[in-house]
>>> print(open('data-v8.csv').read())   # CSV, C-alpha atoms (C1' of nucleotides)
chain,number,residue,atom,x,y,z
A,1072,MET,CA,55.9,40.6,62.0
A,1073,ALA,CA,57.3,38.7,59.0
A,1074,ASP,CA,56.1,35.2,58.4
A,1075,LEU,CA,58.2,32.2,57.2
A,1076,GLN,CA,56.6,32.0,53.8
A,1077,GLU,CA,57.6,35.6,53.1
A,1078,ILE,CA,61.1,35.0,54.2
A,1079,TYR,CA,61.4,31.8,52.1
A,1080,SER,CA,60.1,33.7,49.0
A,1081,ALA,CA,62.6,36.5,49.5
A,1082,LEU,CA,65.5,34.1,50.0
A,1083,PHE,CA,64.6,31.9,47.1
A,1084,GLN,CA,64.1,34.8,44.8
A,1085,SER,CA,67.5,36.2,45.7
A,1086,PHE,CA,69.6,33.0,45.9
A,1087,GLY,CA,67.7,30.5,43.7
A,1088,PRO,CA,67.7,26.8,44.3
A,1089,GLN,CA,70.6,25.5,46.4
A,1090,HIS,CA,70.6,21.8,45.3
A,1091,TRP,CA,71.1,20.4,48.8
A,1092,TRP,CA,72.4,18.2,50.3
A,1093,PRO,CA,75.8,18.3,48.5
A,1094,GLY,CA,76.4,14.5,48.4
A,1095,GLU,CA,76.2,11.8,45.8
A,1096,THR,CA,74.5,9.1,47.9
A,1097,PRO,CA,72.4,8.9,51.0
A,1098,PHE,CA,75.3,7.3,52.9
A,1099,GLU,CA,77.6,10.1,51.9
A,1100,VAL,CA,75.0,12.6,53.1
A,1101,MET,CA,74.8,10.8,56.5
A,1102,ILE,CA,78.6,10.7,57.0
A,1103,GLY,CA,78.8,14.4,55.9
A,1104,ALA,CA,76.2,15.4,58.4
A,1105,ILE,CA,78.4,14.1,61.2
A,1106,LEU,CA,81.6,15.5,59.8
A,1107,THR,CA,80.2,19.0,59.3
A,1108,GLN,CA,79.4,19.6,62.9
A,1109,GLN,CA,80.8,23.0,63.9
A,1110,THR,CA,83.1,22.9,60.8
A,1111,ALA,CA,83.3,24.6,57.4
A,1112,TRP,CA,81.9,22.4,54.6
A,1113,LYS,CA,85.2,22.9,52.7
A,1114,ASN,CA,87.0,20.8,55.3
A,1115,VAL,CA,84.3,18.1,55.0
A,1116,GLU,CA,84.9,17.9,51.3
A,1117,ILE,CA,88.5,17.1,51.9
A,1118,ALA,CA,87.6,14.3,54.4
A,1119,ILE,CA,84.9,12.9,52.0
A,1120,GLY,CA,87.6,12.9,49.3
A,1121,ASN,CA,89.9,11.0,51.6
A,1122,LEU,CA,87.2,8.5,52.4
A,1123,LYS,CA,86.6,7.9,48.7
A,1124,GLU,CA,90.3,7.6,48.0
A,1125,ALA,CA,90.6,5.0,50.7
A,1126,ASN,CA,87.5,3.2,49.5
A,1127,LEU,CA,86.0,3.6,52.9
A,1128,LEU,CA,82.8,5.5,52.0
A,1129,ASP,CA,80.4,2.6,52.6
A,1130,VAL,CA,79.0,0.7,55.5
A,1131,GLU,CA,81.0,-2.5,55.2
A,1132,PRO,CA,84.5,-1.0,54.8
A,1133,LEU,CA,83.8,1.6,57.6
A,1134,HIS,CA,82.6,-1.2,59.8
A,1135,LYS,CA,85.9,-3.0,59.4
A,1136,ALA,CA,88.1,0.1,59.6
A,1137,SER,CA,89.9,0.9,62.8
A,1138,ILE,CA,89.3,4.1,64.8
A,1139,LYS,CA,92.9,5.1,64.1
A,1140,ARG,CA,92.4,4.7,60.3
A,1141,ILE,CA,89.2,6.8,60.4
A,1142,GLU,CA,90.9,9.5,62.5
A,1143,GLU,CA,93.6,9.8,59.8
A,1144,VAL,CA,91.1,10.5,57.0
A,1145,VAL,CA,88.6,12.7,58.9
A,1146,ARG,CA,91.4,14.8,60.6
A,1147,PRO,CA,90.8,17.9,58.3
A,1148,THR,CA,87.3,18.4,59.8
A,1149,GLY,CA,88.6,19.1,63.3
A,1150,PHE,CA,87.4,17.4,66.5
A,1151,TYR,CA,88.6,14.3,64.6
A,1152,ARG,CA,88.9,12.0,67.6
A,1153,GLN,CA,85.3,12.6,68.6
A,1154,LYS,CA,84.1,12.5,65.1
A,1155,SER,CA,85.8,9.2,64.2
A,1156,LYS,CA,84.1,7.7,67.3
A,1157,SER,CA,80.7,9.2,66.2
A,1158,VAL,CA,81.1,7.7,62.8
A,1159,LYS,CA,81.9,4.3,64.3
A,1160,ASN,CA,78.9,4.6,66.7
A,1161,PHE,CA,76.7,5.4,63.8
A,1162,ILE,CA,78.0,2.5,61.7
A,1163,ASN,CA,77.6,0.1,64.6
A,1164,PHE,CA,74.0,1.4,65.0
A,1165,LEU,CA,73.3,0.7,61.3
A,1166,MET,CA,74.7,-2.8,61.6
A,1167,GLU,CA,72.9,-3.8,64.8
A,1168,GLU,CA,69.6,-2.1,63.9
A,1169,TYR,CA,69.4,-2.8,60.1
A,1170,GLN,CA,72.3,-5.3,59.4
A,1171,GLY,CA,73.8,-2.5,57.4
A,1172,ASP,CA,70.9,-2.4,55.0
A,1173,LEU,CA,69.9,1.3,54.5
A,1174,GLU,CA,66.7,0.3,52.8
A,1175,LYS,CA,65.5,-1.1,56.1
A,1176,MET,CA,66.4,2.2,57.8
A,1177,PHE,CA,64.5,4.2,55.2
A,1178,GLY,CA,61.4,2.0,55.7
A,1179,GLU,CA,61.1,2.9,59.4
A,1180,ASP,CA,58.7,5.3,60.9
A,1181,GLY,CA,60.2,8.8,61.1
A,1182,GLN,CA,59.5,9.5,64.7
A,1183,GLU,CA,60.8,6.1,65.8
A,1184,LEU,CA,64.0,6.5,63.7
A,1185,ARG,CA,64.6,10.0,65.1
A,1186,LYS,CA,64.6,8.6,68.7
A,1187,LYS,CA,67.0,5.9,67.7
A,1188,LEU,CA,69.4,8.3,65.9
A,1189,LEU,CA,69.4,10.7,68.9
A,1190,SER,CA,70.4,7.8,71.1
A,1191,VAL,CA,73.7,7.4,69.1
A,1192,LYS,CA,76.5,9.1,70.8
A,1193,GLY,CA,77.7,11.9,68.5
A,1194,ILE,CA,74.4,12.5,66.8
A,1195,GLY,CA,72.4,15.4,68.3
A,1196,TYR,CA,69.3,17.1,67.1
A,1197,GLU,CA,70.7,18.9,64.0
A,1198,THR,CA,72.7,15.9,62.8
A,1199,ALA,CA,69.7,13.6,63.3
A,1200,ASP,CA,67.3,15.9,61.4
A,1201,SER,CA,69.9,16.4,58.6
A,1202,ILE,CA,70.1,12.6,58.2
A,1203,LEU,CA,66.3,12.2,58.4
A,1204,LEU,CA,65.5,15.0,55.9
A,1205,TYR,CA,68.3,14.8,53.4
A,1206,ALA,CA,69.2,11.1,53.4
A,1207,CYS,CA,66.0,9.4,54.6
A,1208,GLU,CA,63.4,11.7,53.1
A,1209,LYS,CA,61.6,12.2,56.4
A,1210,PRO,CA,60.0,15.6,56.9
A,1211,PHE,CA,61.9,17.1,59.9
A,1212,PHE,CA,63.0,20.7,59.7
A,1213,VAL,CA,66.7,21.2,60.3
A,1214,VAL,CA,67.7,24.0,62.7
A,1215,ASP,CA,71.2,25.3,62.9
A,1216,ALA,CA,73.1,28.2,64.4
A,1217,TYR,CA,72.4,30.4,61.3
A,1218,THR,CA,68.7,29.6,61.6
A,1219,LYS,CA,68.6,30.6,65.2
A,1220,ARG,CA,70.6,33.8,64.6
A,1221,ALA,CA,68.4,34.8,61.7
A,1222,LEU,CA,65.1,34.2,63.5
A,1223,ARG,CA,66.4,36.0,66.5
A,1224,ARG,CA,67.3,39.1,64.5
A,1225,LEU,CA,63.9,38.9,62.7
A,1226,GLU,CA,62.4,38.9,66.2
A,1227,MET,CA,60.4,35.8,65.3
A,1228,ILE,CA,61.6,33.8,68.3
A,1229,GLU,CA,62.5,34.4,71.9
A,1230,THR,CA,63.5,30.8,72.8
A,1231,ASP,CA,66.8,29.2,71.9
A,1232,SER,CA,65.4,25.7,72.3
A,1233,TYR,CA,66.1,23.5,69.2
A,1234,GLU,CA,62.8,21.6,69.6
A,1235,GLN,CA,60.7,24.7,70.0
A,1236,ILE,CA,62.2,26.3,66.9
A,1237,ARG,CA,61.9,23.1,64.8
A,1238,THR,CA,58.2,22.7,65.7
A,1239,PHE,CA,57.7,26.4,65.0
A,1240,PHE,CA,58.9,25.8,61.4
A,1241,GLU,CA,56.9,22.5,61.1
A,1242,ASP,CA,53.7,24.0,62.5
A,1243,SER,CA,54.0,27.1,60.2
A,1244,LEU,CA,54.9,25.5,56.9
A,1245,PRO,CA,53.2,22.8,54.7
A,1246,ARG,CA,54.7,19.4,55.5
A,1247,ASN,CA,56.7,19.3,52.3
A,1248,LEU,CA,60.1,17.6,52.0
A,1249,ASP,CA,61.4,19.8,49.2
A,1250,LEU,CA,60.3,22.9,51.0
A,1251,TYR,CA,62.1,21.8,54.1
A,1252,LYS,CA,65.3,21.0,52.2
A,1253,GLU,CA,65.4,24.2,50.2
A,1254,PHE,CA,64.4,26.5,53.1
A,1255,HIS,CA,67.2,25.2,55.4
A,1256,ALA,CA,69.8,25.4,52.6
A,1257,LEU,CA,68.7,29.0,51.9
A,1258,LEU,CA,69.0,29.9,55.6
A,1259,VAL,CA,72.6,28.6,55.6
A,1260,GLU,CA,73.4,30.7,52.5
A,1261,LEU,CA,71.8,33.7,54.2
A,1262,GLY,CA,74.0,33.0,57.3
A,1263,LYS,CA,77.2,32.6,55.3
A,1264,ARG,CA,76.7,35.8,53.3
A,1265,TYR,CA,74.9,38.2,55.5
A,1266,CYS,CA,73.5,37.0,58.9
A,1267,ARG,CA,77.0,36.5,60.3
A,1268,PRO,CA,78.1,37.2,63.9
A,1269,LYS,CA,79.2,40.5,62.6
A,1270,PRO,CA,76.1,41.2,60.4
A,1271,ILE,CA,76.3,42.6,56.8
A,1272,CYS,CA,72.8,44.1,56.6
A,1273,GLU,CA,73.2,46.6,53.7
A,1274,GLU,CA,72.8,44.1,50.9
A,1275,CYS,CA,70.8,41.4,52.7
A,1276,PRO,CA,67.8,40.1,50.8
A,1277,LEU,CA,65.8,40.4,54.0
A,1278,ASN,CA,66.5,44.1,54.2
A,1279,GLY,CA,63.1,45.7,54.6
A,1280,ILE,CA,61.7,42.6,56.3
A,1281,CYS,CA,64.2,42.3,59.1
A,1282,PRO,CA,64.2,44.9,61.8
A,1283,TYR,CA,67.8,44.1,62.8
A,1284,PRO,CA,69.6,46.8,60.7
A,1285,ARG,CA,68.1,49.4,63.1
A,1286,LYS,CA,69.0,47.4,66.2
A,1287,THR,CA,71.6,45.3,67.9
A,1288,ASP,CA,71.6,41.8,69.5
B,368,DA,C1',96.8,37.6,66.4
B,369,DC,C1',92.7,37.0,66.4
B,370,DC,C1',87.6,35.2,64.8
B,371,DC,C1',84.7,31.9,62.7
B,372,DA,C1',82.9,27.4,61.0
B,373,DG,C1',75.9,23.9,58.5
B,374,DG,C1',77.4,20.8,67.0
B,375,DT,C1',77.7,17.4,70.8
B,376,DG,C1',78.4,15.2,75.3
B,377,DG,C1',79.6,15.7,80.0
B,378,DC,C1',79.0,17.9,84.1
B,379,DC,C1',76.6,20.9,87.1
B,380,DC,C1',72.5,23.2,89.1
C,890,DG,C1',65.1,22.0,81.4
C,891,DG,C1',69.4,25.4,80.8
C,892,DG,C1',74.6,27.3,81.3
C,893,DC,C1',79.4,26.3,80.7
C,894,DC,C1',83.2,23.8,78.9
C,895,DA,C1',86.4,20.8,75.9
C,896,DC,C1',86.8,19.2,71.5
C,897,DA,C1',90.6,20.7,66.7
C,898,DT,C1',91.5,21.7,61.9
C,899,DG,C1',91.6,25.3,58.2
C,900,DG,C1',90.5,29.8,56.2
C,901,DG,C1',89.7,34.9,56.4
>>> encode(input="data-v8.csv", output="structure tokens")
Amino acid sequence: MADLQEIYSALFQSFGPQHWWPGETPFEVMIGAILTQQTAWKNVEIAIGNLKEANLLDVEPLHKASIKRIEEVVRPTGFYRQKSKSVKNFINFLMEEYQGDLEKMFGEDGQELRKKLLSVKGIGYETADSILLYACEKPFFVVDAYTKRALRRLEMIETDSYEQIRTFFEDSLPRNLDLYKEFHALLVELGKRYCRPKPICEECPLNGICPYPRKTD
DNA sequence: ACCCAGGTGGCCC
DNA sequence: GGGCCACATGGG
């Protein structure tokens, strides 16, 4: 069976560095992580643009902004009523826990911070780990739908459990921030291009490694 | 007219 | 712990 290093090498050789996360500041990364839930990144770009336009893309202004105002600017990302609440919940968390000072947040122990993030309504495993990895520089592997689908088709997992798949990556790879960042980004690129619900296996860089072309889900 | 997108919380068992 | 459902806009 294929191993993760082999898959990483094949993806990196084919796609090259992905320069993730696509955000200018850690705060933008964190808000983007919430807004991109079950949503194409293109829509998130519009919402981020709206937030910048409205000078809302920072802790203080978002803390003062009403839910209604936030709903208006994040509408293009879909689920906008839920997401505006999630953003508010997250900002309230930052204020209460760190007085809005992100440096205090970054200074916290990773495991402890993860528990706290997961207690915020609207932040689940993937969003928490995206924030931890790409904004806080804490080594947690991000698992998403593309990751699960790819590993399923590679026959490297049986489970669908987020935590089991995350620990599978973390136990199999060197604990390296840049590796985690790049690998997750490459898996998303794989998912977008080839490992789709309706797969496009012919030109997939994992062709020859992945048994899926000969099989079905 | 479908199907899909870098999920999550509530409810139920 | 897992299965099912609502949540919503925008693009192929």
>>> interface_residues(input="data-v8.csv", of="chain A", to="chain B", cutoff="6 Å", atoms="all atoms listed in the file", output="ChimeraX atom specification")
/A:1108-1111,1193
>>> interface_residues(input="data-v8.csv", of="chain A", to="chain C", cutoff="8 Å", atoms="only C-alpha atoms (C1' of nucleotides)", output="number ranges by chain")
A: 1114, 1146-1151, 1153
>>> atom_distance(input="data-v8.csv", atom1="atom CA of A:Phe1164", atom2="atom CA of A:Glu1183")
14.0 Å
>>> residues_around(input="data-v8.csv", residues="A:Ala1199", least_positions_apart="4", cutoff="6 Å", atoms="only C-alpha atoms (C1' of nucleotides)", output="ChimeraX atom specification")
/A:1188,1194-1195
>>> write_last_selection(input="data-v8.csv", atoms="C-alpha atoms", output="PDB file, in the coordinates of the input")
ATOM      1  CA  LEU A1188      69.400   8.300  65.900  1.00  0.00           C
ATOM      2  CA  ILE A1194      74.400  12.500  66.800  1.00  0.00           C
ATOM      3  CA  GLY A1195      72.400  15.400  68.300  1.00  0.00           C
TER       4      GLY A1195
END
>>> residues_around(input="data-v8.csv", residues="A:Ala1136", least_positions_apart="4", cutoff="12 Å", atoms="only C-alpha atoms (C1' of nucleotides)", output="short mmCIF file (atom, residue, chain, number, x, y, z; two decimals) with C-alpha atoms, in the frame of the given file")
data_model
loop_
_atom_site.label_atom_id
_atom_site.label_comp_id
_atom_site.auth_asym_id
_atom_site.auth_seq_id
_atom_site.Cartn_x
_atom_site.Cartn_y
_atom_site.Cartn_z
CA LEU A 1122 87.20 8.50 52.40
CA ALA A 1125 90.60 5.00 50.70
CA ASN A 1126 87.50 3.20 49.50
CA LEU A 1127 86.00 3.60 52.90
CA LEU A 1128 82.80 5.50 52.00
CA ASP A 1129 80.40 2.60 52.60
CA VAL A 1130 79.00 0.70 55.50
CA GLU A 1131 81.00 -2.50 55.20
CA PRO A 1132 84.50 -1.00 54.80
CA ARG A 1140 92.40 4.70 60.30
CA ILE A 1141 89.20 6.80 60.40
CA GLU A 1142 90.90 9.50 62.50
CA GLU A 1143 93.60 9.80 59.80
CA VAL A 1144 91.10 10.50 57.00
CA SER A 1155 85.80 9.20 64.20
CA LYS A 1156 84.10 7.70 67.30
CA VAL A 1158 81.10 7.70 62.80
CA LYS A 1159 81.90 4.30 64.30
CA ILE A 1162 78.00 2.50 61.70
CA ASN A 1163 77.60 0.10 64.60
#
>>> atom_distance(input="data-v8.csv", atom1="atom CA of A:Asp1200", atom2="atom CA of A:Gln1084")
25.4 Å
>>> build_atoms(input="data-v8.csv", residues="stretch 1226-1250 of chain A", atoms="N, CA and C atoms", output="mmCIF file, keeping the file's coordinate frame")
data_model
loop_
_atom_site.group_PDB
_atom_site.id
_atom_site.type_symbol
_atom_site.label_atom_id
_atom_site.label_comp_id
_atom_site.auth_asym_id
_atom_site.auth_seq_id
_atom_site.Cartn_x
_atom_site.Cartn_y
_atom_site.Cartn_z
ATOM 1 N N GLU A 1226 63.273 38.803 65.018
ATOM 2 C CA GLU A 1226 62.400 38.900 66.200
ATOM 3 C C GLU A 1226 61.186 37.966 66.038
ATOM 4 N N MET A 1227 61.447 36.766 65.472
ATOM 5 C CA MET A 1227 60.400 35.800 65.300
ATOM 6 C C MET A 1227 60.432 34.731 66.425
ATOM 7 N N ILE A 1228 61.506 34.703 67.193
ATOM 8 C CA ILE A 1228 61.600 33.800 68.300
ATOM 9 C C ILE A 1228 62.183 34.464 69.535
ATOM 10 N N GLU A 1229 61.836 33.942 70.687
ATOM 11 C CA GLU A 1229 62.500 34.400 71.900
ATOM 12 C C GLU A 1229 63.371 33.229 72.423
ATOM 13 N N THR A 1230 62.850 32.001 72.279
ATOM 14 C CA THR A 1230 63.500 30.800 72.800
ATOM 15 C C THR A 1230 64.795 30.503 71.985
ATOM 16 N N ASP A 1231 65.679 29.735 72.610
ATOM 17 C CA ASP A 1231 66.800 29.200 71.900
ATOM 18 C C ASP A 1231 66.753 27.695 71.803
ATOM 19 N N SER A 1232 65.623 27.154 72.221
ATOM 20 C CA SER A 1232 65.400 25.700 72.300
ATOM 21 C C SER A 1232 65.291 25.101 70.866
ATOM 22 N N TYR A 1233 66.132 24.117 70.557
ATOM 23 C CA TYR A 1233 66.100 23.500 69.200
ATOM 24 C C TYR A 1233 64.686 22.963 68.920
ATOM 25 N N GLU A 1234 64.123 22.201 69.830
ATOM 26 C CA GLU A 1234 62.800 21.600 69.600
ATOM 27 C C GLU A 1234 61.715 22.571 69.372
ATOM 28 N N GLN A 1235 61.749 23.640 70.138
ATOM 29 C CA GLN A 1235 60.700 24.700 70.000
ATOM 30 C C GLN A 1235 60.814 25.351 68.620
ATOM 31 N N ILE A 1236 62.044 25.618 68.182
ATOM 32 C CA ILE A 1236 62.200 26.300 66.900
ATOM 33 C C ILE A 1236 61.863 25.340 65.745
ATOM 34 N N ARG A 1237 62.244 24.083 65.876
ATOM 35 C CA ARG A 1237 61.900 23.100 64.800
ATOM 36 C C ARG A 1237 60.362 22.993 64.701
ATOM 37 N N THR A 1238 59.663 22.890 65.822
ATOM 38 C CA THR A 1238 58.200 22.700 65.700
ATOM 39 C C THR A 1238 57.555 24.040 65.251
ATOM 40 N N PHE A 1239 58.209 25.172 65.523
ATOM 41 C CA PHE A 1239 57.700 26.400 65.000
ATOM 42 C C PHE A 1239 57.697 26.384 63.447
ATOM 43 N N PHE A 1240 58.806 25.911 62.848
ATOM 44 C CA PHE A 1240 58.900 25.800 61.400
ATOM 45 C C PHE A 1240 57.834 24.739 60.914
ATOM 46 N N GLU A 1241 57.800 23.598 61.578
ATOM 47 C CA GLU A 1241 56.900 22.500 61.100
ATOM 48 C C GLU A 1241 55.461 22.832 61.266
ATOM 49 N N ASP A 1242 55.129 23.647 62.270
ATOM 50 C CA ASP A 1242 53.700 24.000 62.500
ATOM 51 C C ASP A 1242 53.329 25.190 61.546
ATOM 52 N N SER A 1243 54.321 25.942 61.061
ATOM 53 C CA SER A 1243 54.000 27.100 60.200
ATOM 54 C C SER A 1243 54.049 26.853 58.751
ATOM 55 N N LEU A 1244 54.689 25.744 58.358
ATOM 56 C CA LEU A 1244 54.900 25.500 56.900
ATOM 57 C C LEU A 1244 54.113 24.198 56.525
ATOM 58 N N PRO A 1245 53.751 24.099 55.232
ATOM 59 C CA PRO A 1245 53.200 22.800 54.700
ATOM 60 C C PRO A 1245 54.247 21.721 54.929
ATOM 61 N N ARG A 1246 53.783 20.532 55.276
ATOM 62 C CA ARG A 1246 54.700 19.400 55.500
ATOM 63 C C ARG A 1246 55.217 18.879 54.194
ATOM 64 N N ASN A 1247 56.212 19.555 53.646
ATOM 65 C CA ASN A 1247 56.700 19.300 52.300
ATOM 66 C C ASN A 1247 58.206 19.080 52.309
ATOM 67 N N LEU A 1248 58.669 17.914 51.909
ATOM 68 C CA LEU A 1248 60.100 17.600 52.000
ATOM 69 C C LEU A 1248 60.962 18.586 51.212
ATOM 70 N N ASP A 1249 60.568 18.898 49.980
ATOM 71 C CA ASP A 1249 61.400 19.800 49.200
ATOM 72 C C ASP A 1249 61.448 21.192 49.739
ATOM 73 N N LEU A 1250 60.327 21.628 50.314
ATOM 74 C CA LEU A 1250 60.300 22.900 51.000
ATOM 75 C C LEU A 1250 61.267 22.962 52.157
#
